[in-house]
Amino acid sequence: MIFVGFGFLMTFLQRYGFGAVGFNFLLAAFGVQWALLMQGWFHTFEHGKILIGVESLIGADFCVGSVCIAFGAVLGKVSPVQLLIMTLFQVTLFSVNEYILLDLLHVKDAGGSMTIHTFGAYFGLTVTTILYRPNLEQTKDKQGSVYHSDLFSMIGTLFLWMYWPSFNSAISNHGDAQHRAAINTYCSLAACVLTSVAASSLLQKKGRLNMVHIQNATLAGGVAVGTAAEMMLTAYGALIVGSICGLVSTVGFVYLTPFLESKLHIQDTCGIHNLHAMPGLIGGIVGAVTAAAATEGVYGKEGTRTPSVQGGFQAAGIAVSLGMGLAGGALVGGILKLPFFGDPTDENCFEDNVYWEVPGDEESSMYCMNDSNTKTGTDH
Amino acid sequence: MIFVGFGFLMTFLQRYGFGAVGFNFLLAAFGVQWALLMQGWFHTFEHGKILIGVESLIGADFCVGSVCIAFGAVLGKVSPVQLLIMTLFQVTLFSVNEYILLDLLHVKDAGGSMTIHTFGAYFGLTVTTILYRPNLEQTKDKQGSVYHSDLFSMIGTLFLWMYWPSFNSAISNHGDAQHRAAINTYCSLAACVLTSVAASSLLQKKGRLNMVHIQNATLAGGVAVGTAAEMMLTAYGALIVGSICGLVSTVGFVYLTPFLESKLHIQDTCGIHNLHAMPGLIGGIVGAVTAAAATEGVYGKEGTRTPSVQGGFQAAGIAVSLGMGLAGGALVGGILKLPFFGDPTDENCFEDNVYWEVPGDEESSMYCMNDSNTKTGTDH
Amino acid sequence: MIFVGFGFLMTFLQRYGFGAVGFNFLLAAFGVQWALLMQGWFHTFEHGKILIGVESLIGADFCVGSVCIAFGAVLGKVSPVQLLIMTLFQVTLFSVNEYILLDLLHVKDAGGSMTIHTFGAYFGLTVTTILYRPNLEQTKDKQGSVYHSDLFSMIGTLFLWMYWPSFNSAISNHGDAQHRAAINTYCSLAACVLTSVAASSLLQKKGRLNMVHIQNATLAGGVAVGTAAEMMLTAYGALIVGSICGLVSTVGFVYLTPFLESKLHIQDTCGIHNLHAMPGLIGGIVGAVTAAAATEGVYGKEGTRTPSVQGGFQAAGIAVSLGMGLAGGALVGGILKLPFFGDPTDENCFEDNVYWEVPGDEESSMYCMNDSNTKTGTDH
């Protein structure tokens, strides 16, 4: 799911398909190994050995999910070396954050609204803000999509959509909680598609739909029930949360992303603020409210906390994730600004042929003519 | 499966990829929610509440499958609003038909040859006949495929092919019946591929294969064992059924579809008559024969019916599904003909940029030049 | 997995996408049926009937996997009739080889490093050597990829990557051995991605990555732990094996494939020597070493062999697979050289429109102009 889903979701850029799929593959493979080690040290370290099981692999996958989210913000603007360094730090910080939330605060976050989405998105957004490139509008034509690149991206969307119920229920307890998580996620996702389409049609001129909204906002419903999916949210609750998120996410793409870019210098290539950051926060809040509103006894055997205390701890989890994302992103963004990582020049952003052998570039490419002059070995 | 498989199967149109994937996504998400409600009312309504479980989701998926089939007949010729209304009615009628077959007639139809394919296909064919557009040949160039759109479509084909055994066995009893359903489906599908390829090569000039046949006829074998898959069909029976269906379906594409279009005014965009209607009928008949031919005692504990009586009820199930499809399609087609649903003009059929923001359309599209004059705000 | 993964992996050729996906589909469907019969005769023949279960289907899938591998070597240079004949013989020989290894030598090979990869690859390489075409460089332009064909191919890569752990663990004993096989494969694959990317960047001019390496070499790690995955390889062992294979495979693509083609007349379209032959051999050796090094008692109940004797038998298994591949390939290559199978002429190699109705070829294709003269009905 991580590899196919996120990889293809990001192929919408007309000249950055190789980078999107290939670098996502690279950082996921690297991140999984590093996450296995990190999570092993935090959770299953015994007698100097790390125990690896299927749960470790799922945990590592989740961790890499947050790296893929952050990758979405910096897509096309960083070198592979920068990506690997970002992965190295983000996996470490993710593990620390997860340890604080799950093991110290005893917060519930089965689908990772807080640990994966909120943390990952604000981390990535902070990194991209620090790596702000003022002259990026000169590559504006490359930031668009072409017809078939949008279809490749839809493969990613549908894959993520399809596997999201499994994702949110993967680490729930077997039986009732797992079924509940899958069904709640499914309902939220289905509701989210409808409001995304409606909002996209209403907000665009002439009522036409925008493929970017369909590719992204339709997934926001899955993000937003990440925390609460396994709780007693009920199908109606899931439908309401999904509906709101589809709306919020689409509105974000239309109004908020341009605002963030022009005013706050946040160049968010894939619009992760709309797909992950806002729905992640909503998901955290929904989880806190659901936990606080639970009738005592429903999750009785969990411990000695009353529902409202648990709700407070959930809210604290949101704040910690947000803070870790912002602070960690600032730190890592600062490191990535160091000049020896071979970041691409402004005119080489969103351009595959800096890092890839692109077929047909030598003899016949309509894009290549002006690029061949600017290709000045910025790669390592 | 529903989302990826059917969505991409229909992307073969060169200028309607967004519509195929996007509208399929929209109607599936809407249909699933509506189907959950409908099926809840019919099957699991208790104390004013609907119980939702994994079985409900599978049932809703099956229901939406029949909507996707009908979508194949009208693909490119209806507006999203029309699609949603069609979905609304079809889900309702599907649930009624399913209730009659499974709960009143006690017909067996695990893979839905009757309830999904026969009903869905004749419903869609009737709708498209009533929405007949006499001047559609002027968009003939857009009804073809391009090289990469055919490859996207193959993603859909292979996805459906791969998951069909699970689909046909999803609601069978666990254990033997489920394994039997999966294996029979697999055998039928494998046999079907061979006869489709052979027939395609024999019927085309110069022996060349036609991608449309490979994309569609290869799946007919799965449709045709939908009813009988879990029964004692035996692998040889499945191979024979699959072989016949691959042949029938390919012959249908070559001879029957043009005939239906010119004589009966059935404009069947995806050729669902060949992939779903005929194999669905064959599947129903095979199921009736297999049920009637069963040695008494094989499914002994089912009830008091003798095999031949059960065979008769199975045959009645085919007739009911066919009738419901035709009558329902006539009703819904009549409703969709009402003038205020924003259906596209003839020259805007099979054209994404009526309903979608298509990248690159402003500055450089070879299709766009003549379209920009005809784009007269037919969308809502 | 077989159908989607291998089919799309081979779509990288710019003008052979239909052939890659379509013929792979055809031979897989044919091969599965034939393999079910063959394996039934060898393994589950009782009272004149063949018992088919889920295990038979997995066995048949594995068998077809080796045919798909051999297809990679001859891709674009043979007719569908030749492919079917090759499949017919290769499935037979595969079953004989598997019978010798598993039933006579009692070799362990859960993921098929020997039976599937070593056998399949050397079979295919021998066939393509015998079918050597000296004038193939005149179609050099068609042997390259285009931007979107490489992305389609990445769908295949990621699919295979994702399902490889399931593949290697499919026939292991349930429980510990199965988990071990999945986790070891996962670790090996992840390590392999990193060394492939590093090697690709180091070996290309200007440090650019080559998409062919990413598509193929990243999978070598899965091949190489095929035999040992279920054994006590440990995660570190898997990481080491994966790292080495990513390196070996990429180096093979850069240096060995051109050498094999110019000196030994092995025209290996997909580079299966790098992805399957070498990693398959490595996998066999790793399996033999792991078996020989096992502490006695670990797999104690298997029988009366000591670990070192088992290691010897494993080594014998490698030799038998290699010999069967070479001898079988020579035999079948000789048969396929017979002149009445309608093999394409040299200038029609890697060209879809010999065997397929390619959309848009009549009016506007930049490739078609010179082809239309040479299209002289070489197809059957």
# chains A, B, ... in the order shown; residues from 1 in each chain; ligands from 1
$ closest_atom_pairs --of "chain C" --to "chain A" --cutoff "8 Å" --atoms "only C-alpha atoms" --output "JSON lines"
{"residue": "C:Gly144", "atom": "CA", "partner": "A:Pro359", "partner_atom": "CA", "distance": 7.1}
{"residue": "C:Ser145", "atom": "CA", "partner": "A:Pro359", "partner_atom": "CA", "distance": 5.9}
{"residue": "C:Val146", "atom": "CA", "partner": "A:Pro359", "partner_atom": "CA", "distance": 5.4}
{"residue": "C:Tyr147", "atom": "CA", "partner": "A:Pro359", "partner_atom": "CA", "distance": 6.2}
{"residue": "C:Leu151", "atom": "CA", "partner": "A:Phe18", "partner_atom": "CA", "distance": 7.1}
{"residue": "C:Met154", "atom": "CA", "partner": "A:Val21", "partner_atom": "CA", "distance": 7.8}
{"residue": "C:Ile155", "atom": "CA", "partner": "A:Val4", "partner_atom": "CA", "distance": 7.4}
{"residue": "C:Leu158", "atom": "CA", "partner": "A:Val4", "partner_atom": "CA", "distance": 6.0}
{"residue": "C:Phe159", "atom": "CA", "partner": "A:Val4", "partner_atom": "CA", "distance": 7.4}
{"residue": "C:Met162", "atom": "CA", "partner": "A:Phe3", "partner_atom": "CA", "distance": 7.7}
{"residue": "C:His179", "atom": "CA", "partner": "A:Val54", "partner_atom": "CA", "distance": 7.1}
{"residue": "C:Ile183", "atom": "CA", "partner": "A:Val54", "partner_atom": "CA", "distance": 7.3}
{"residue": "C:Cys187", "atom": "CA", "partner": "A:Gln33", "partner_atom": "CA", "distance": 7.3}
{"residue": "C:Ala190", "atom": "CA", "partner": "A:Ala29", "partner_atom": "CA", "distance": 4.7}
{"residue": "C:Ala191", "atom": "CA", "partner": "A:Ala29", "partner_atom": "CA", "distance": 7.1}
{"residue": "C:Val193", "atom": "CA", "partner": "A:Ala29", "partner_atom": "CA", "distance": 6.4}
{"residue": "C:Leu194", "atom": "CA", "partner": "A:Leu26", "partner_atom": "CA", "distance": 6.5}
{"residue": "C:Val197", "atom": "CA", "partner": "A:Leu26", "partner_atom": "CA", "distance": 7.5}
{"residue": "C:Lys206", "atom": "CA", "partner": "A:Gly377", "partner_atom": "CA", "distance": 7.0}
{"residue": "C:Gly207", "atom": "CA", "partner": "A:His380", "partner_atom": "CA", "distance": 6.6}
{"residue": "C:Arg208", "atom": "CA", "partner": "A:Tyr355", "partner_atom": "CA", "distance": 4.6}
{"residue": "C:Leu209", "atom": "CA", "partner": "A:Trp356", "partner_atom": "CA", "distance": 4.5}
{"residue": "C:Asn210", "atom": "CA", "partner": "A:Glu357", "partner_atom": "CA", "distance": 5.2}
{"residue": "C:Met211", "atom": "CA", "partner": "A:Glu357", "partner_atom": "CA", "distance": 7.0}
{"residue": "C:Ile214", "atom": "CA", "partner": "A:Gly22", "partner_atom": "CA", "distance": 7.3}
$ residues_around --residues "Thr115 of chain B" --least-positions-apart "4" --cutoff "8 Å" --atoms "only C-alpha atoms" --output "list of chain:residue names"
B:Phe94, B:Asn97, B:Glu98, B:Leu101, B:Asp109, B:Phe119, B:Gly120, B:Ser321
$ residues_around --residues "Gly246 of chain A" --least-positions-apart "3" --cutoff "6 Å" --atoms "only C-alpha atoms" --output "NGL selection string"
:A and (192 or 195-196 or 217 or 243 or 249)
$ select_by_dssp --residues "segment 17-261 of chain C" --states "strand (DSSP E)" --output "NGL selection string"
:C and (45-46 or 49-50 or 209-210)
$ residues_around --residues "segment 124-130 of chain A" --least-positions-apart "3" --cutoff "9 Å" --atoms "only C-alpha atoms" --output "VMD selection string"
chain A and resid 67 69 to 74 77 119 to 121 133 264 to 268 272 to 273 277 325 to 334 336 to 337
$ write_last_selection --atoms "C-alpha atoms" --output "PDB file, in the first residue's frame"
ATOM      1  CA  VAL A  67       7.712  10.037   5.709  1.00  0.00           C
ATOM      2  CA  ILE A  69       3.404  12.347   3.582  1.00  0.00           C
ATOM      3  CA  ALA A  70       6.263  14.745   4.277  1.00  0.00           C
ATOM      4  CA  PHE A  71       7.762  13.797   0.907  1.00  0.00           C
ATOM      5  CA  GLY A  72       4.563  15.114  -0.663  1.00  0.00           C
ATOM      6  CA  ALA A  73       5.340  18.626   0.546  1.00  0.00           C
ATOM      7  CA  VAL A  74       8.893  18.741  -0.787  1.00  0.00           C
ATOM      8  CA  LYS A  77      12.427  20.301  -4.857  1.00  0.00           C
ATOM      9  CA  PHE A 119       3.069  14.721  12.756  1.00  0.00           C
ATOM     10  CA  GLY A 120       4.090  13.835   9.197  1.00  0.00           C
ATOM     11  CA  ALA A 121       2.236  16.703   7.558  1.00  0.00           C
ATOM     12  CA  ARG A 133      12.426  28.929  -3.080  1.00  0.00           C
ATOM     13  CA  LEU A 264       3.410  32.127   4.505  1.00  0.00           C
ATOM     14  CA  HIS A 265       5.925  30.873   1.921  1.00  0.00           C
ATOM     15  CA  ILE A 266       4.761  27.280   2.313  1.00  0.00           C
ATOM     16  CA  GLN A 267       5.275  25.630  -1.085  1.00  0.00           C
ATOM     17  CA  ASP A 268       3.231  22.500  -0.651  1.00  0.00           C
ATOM     18  CA  ILE A 272      -0.611  17.704   2.012  1.00  0.00           C
ATOM     19  CA  HIS A 273      -1.978  20.459   4.221  1.00  0.00           C
ATOM     20  CA  ALA A 277      -2.643  18.146   8.160  1.00  0.00           C
ATOM     21  CA  GLY A 325       6.220  18.003  13.769  1.00  0.00           C
ATOM     22  CA  LEU A 326       6.935  21.741  13.851  1.00  0.00           C
ATOM     23  CA  ALA A 327      10.101  21.516  15.944  1.00  0.00           C
ATOM     24  CA  GLY A 328      11.437  18.472  14.118  1.00  0.00           C
ATOM     25  CA  GLY A 329      10.682  19.989  10.741  1.00  0.00           C
ATOM     26  CA  ALA A 330      12.502  23.181  11.687  1.00  0.00           C
ATOM     27  CA  LEU A 331      15.551  21.224  12.809  1.00  0.00           C
ATOM     28  CA  VAL A 332      15.666  18.959   9.755  1.00  0.00           C
ATOM     29  CA  GLY A 333      14.860  21.820   7.377  1.00  0.00           C
ATOM     30  CA  GLY A 334      17.844  23.673   8.800  1.00  0.00           C
ATOM     31  CA  LEU A 336      18.864  20.190   4.695  1.00  0.00           C
ATOM     32  CA  LYS A 337      19.673  23.842   3.959  1.00  0.00           C
TER      33      LYS A 337
END
$ residues_around --residues "segment 303-316 of chain A" --least-positions-apart "4" --cutoff "9 Å" --atoms "only C-alpha atoms" --output "number ranges by chain"
A: 101, 105-109, 284-285, 287-296, 299, 320-321
